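Peer 1: Please find one structure pasted underneath; my questions will follow.
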Amino acid sequence: MEVRGAGRARRERGERRAAAETFTARMKKRLHRARIVLRKSGVDYFRGDGSDWVALTGLLLTVPLITAGTILNSVWCAPAALVLPIVAGGLLLRPASLLGLYAASAVALIVESVQLGPYTDGPSRVTPGVVLVVAACGFFGLVIAQFRSRVGVPWRGGSTMLFDLRERIRVQSKLPKLPRGWHREMALRPAGGQSFSGDFVVAARTNGGRTLEVVLTDVSGKGMDAGSRALLLSGAFGGLLGSLPPHSFLPAANGYLLRQDWDEGFATSIHLVLDLETGDYELFSAGHPPGLQLSAGSGRWEEKTGHGPLLGVYDGAQFDPVKGVLRPGDVLMLFTDGLVETSERDIAEGIDRLTGEADRYVAGGFHGAAWHLIEAVAKDVNDDRALLLICRET
């Protein structure tokens with residue numbers, strides 16, 4: 001019985017193996033492998049890791065098509081149309097492949113000049129100016145391709161990467177939701193209308209959600225120059241926030257900045273630690289402009305200034321907080337120096353102007369006020385500007 005059972009099992013395995021080796025099964029297996037290879041090559045090509053032979057083949061095919069069109073009707077398809085595949089090649093191809101495209105374009109120009117005749121015979125010929133334009137486009141395309149190759153960022157991923165970086169900064173600067181009775185909002189305006197800013201915010205609710213910690217930082221420089229450092233610091237500060245006691249955050253951030261050893265390695269920062277149940281808060285400052293608190297009882301703005309040096313200047317710095325409390329109807333406003341300080345006015349004058357504009361929102365509430373305050377106070381300032389509002393509603 002056991003021998004017959006073993007023989008039957010061997011026969012069944014043999015039948016399954018034979019079925020797996022049929023022509024249909026082999027074709028399905030090959031088709032599956034080809035689909036995987038094609039998908040992988042497509043992903044690699046989009047990321048810039050794969051071969052550029054597809055783009056090179058397509059551009060090489062356009063060269064004879066343009067040449068034929070020029071020979072048939074040089075008025076509508078001018079000889080200078082060869083710059084089109086050359087410009088596209090500068091964006092799509094690697095330098096070695098680009099040289100092959102240039103060789104094909106040079107041959108096409110020679111063929112066109114022979115077929116159309118000397119440029120002195122009339123318009124729409126291969127003139128020295130056409131050759132110069134095509135050569136100039138080829139030169140600049142090669143420079144761009146070599147730069148991309150050296151940096152390691154292909155055109156297919158370059159803009160995607162920049163978009164991703166901008167979105168990461170925006171997500172990291174998103175403020176957490178607050179419980180009923182609290183309102184928060186932030187507005188950020190980079191210098192020159194750019195997408196990247198040296199000002200950023202990181203925030204988190206800690207202590208089981210009871211405490212709100214917010215850090216507003218202004219990195220040295222502005223716009224694109226400070227954007228990469230702001231991205232690095234926002235990630236680092238976001239990791240430190242909530243992982244350390246509040247009084248240890250700025251010393252740890254200062255030590256991190258010192259270890260980077262940047263030429264422009266300093267930043268200003270203000271750290272708010274707010275108890276969402278009682279309204280008590282501490283405000284730590286590292287060379288940052290003061291916070292402003294509106295007292296609902298008196299209707300006056302009061303400066304809240306912690307004591308501490310710039311981040312990244314020297315080791316062992318101490319940061320002493322200022323304490324306060326937000327009662328119902330009170331507002332706390334944090335901002336960067338781009339909002340209140342310019343070459344034409346000092347920070348005291350800028351703060352007076354900011355509080356004067358903010359007084360207009362006292363009666364109606366500060367919902368939507370952050371963006372409008374930047375627009376009213378520092379619309380055309382060539383510096384990064386950030387404004388944060390924390391309101392305890394009545």
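In the structure tokens, each chain is lettered A, B, ... as it comes, each chain's residues begin at 1, and ligands are numbered from 1 in order of appearance.
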If you run DSSP on the backbone here, which positions in segment 130-329 of chain A get helix (DSSP H, G or I)? Please write them as a count of residues only.

Peer 2: 76

Peer 1: Do a neighbour search on Glu393 of chain A at 10 Å with only C-alpha atoms, toss out local chain neighbours closer than 3 positions, and write the hits as a list in words.

Peer 2: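 That gives Arg180, Gly181, Trp182, His183, Leu326, Arg327, Pro328, Gly329, Asp330, Val331, Gly365, Phe366 and Ile390 of chain A.
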
Peer 1: Produce a file of the selected residues containing C-alpha atoms, as a compact mmCIF listing (two decimals), in the first residue's frame.

Peer 2:
```txt
# COMPACT_ATOMS: atom_id res chain seq x y z
CA ARG A 180 -12.26 73.61 21.93
CA GLY A 181 -11.66 77.16 23.12
CA TRP A 182 -8.33 77.58 21.32
CA HIS A 183 -7.49 78.90 17.87
CA LEU A 326 -3.25 83.23 28.38
CA ARG A 327 -6.67 84.03 29.77
CA PRO A 328 -9.92 83.86 27.78
CA GLY A 329 -9.77 86.51 25.05
CA ASP A 330 -5.96 86.80 25.14
CA VAL A 331 -3.81 86.44 22.03
CA GLY A 365 -11.54 88.04 16.21
CA PHE A 366 -8.27 86.90 14.71
CA ILE A 390 -2.40 81.51 19.35
```

Peer 1: Work out how far atom CA of Thr217 of chain A is from atom CA of Asp384 of chain A, in Å to one decimal.

Peer 2: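 Between atom CA of Asp384 of chain A and atom CA of Thr217 of chain A the gap works out to 11.1 Å.
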
Peer 1: Using only C-alpha atoms, determine which residues lie at most 9 Å from Gly312 of chain A, disregarding the query and same-chain residues fewer than 5 positions distant; provide the list as a list in words.

Peer 2: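 Once the adjacent positions are removed, what remains is Ala253, Asn254, Gly255, Tyr256, Leu257, Leu258, Arg259, Gln260, Asp261, Gly265, Phe266 and Ala267 of chain A.
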
Peer 1: Extract, using only C-alpha atoms, all DNA, RNA and protein residues at most 10 Å from Val131 of chain A, discarding same-chain residues fewer than 3 positions from it, and format them as a PyMOL selection string.

Peer 2: chain A and resi 79-80+82-83+106+109-110+126-128+134-136

Peer 1: At a cut-off of 6 Å, using only C-alpha atoms, what residues contact Leu292 of chain A? Leave out same-chain residues fewer than 5 positions from it and give the result as a PDB file with C-alpha atoms, in the first residue's frame.

Peer 2:
```
ATOM      1  CA  GLU A 302       2.874  93.373  26.026  1.00  0.00           C
ATOM      2  CA  GLU A 303       6.271  92.148  24.883  1.00  0.00           C
ATOM      3  CA  LYS A 304       7.347  88.736  26.180  1.00  0.00           C
ATOM      4  CA  LEU A 332      -0.140  85.455  21.704  1.00  0.00           C
ATOM      5  CA  MET A 333       1.678  86.496  18.536  1.00  0.00           C
TER       6      MET A 333
END
```

Peer 1: Residues of segment 293-357 of chain A classed as strand (DSSP E) by DSSP on the backbone are to be reported as a list in words.

Peer 2: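 Listing strand (DSSP E) positions across segment 293-357 of chain A yields Gln293, Leu294, Trp301, Glu302, Glu303, Lys304, Val322, Lys323, Gly324, Val325, Val331, Leu332, Met333, Leu334 and Phe335 of chain A.
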
Peer 1: As an MDAnalysis selection string, please: the residues near Cys77 of chain A (cut-off 9 Å, only C-alpha atoms, same-chain neighbours under 4 positions excluded).

Peer 2: chainID A and resid 66:67 69:73 81 124

Peer 1: Taking into account only C-alpha atoms, which residue in the set A:Leu387, A:Leu241, A:Leu142, A:Ile374 is nearest to Thr206 of chain A?

Peer 2: A:Leu241
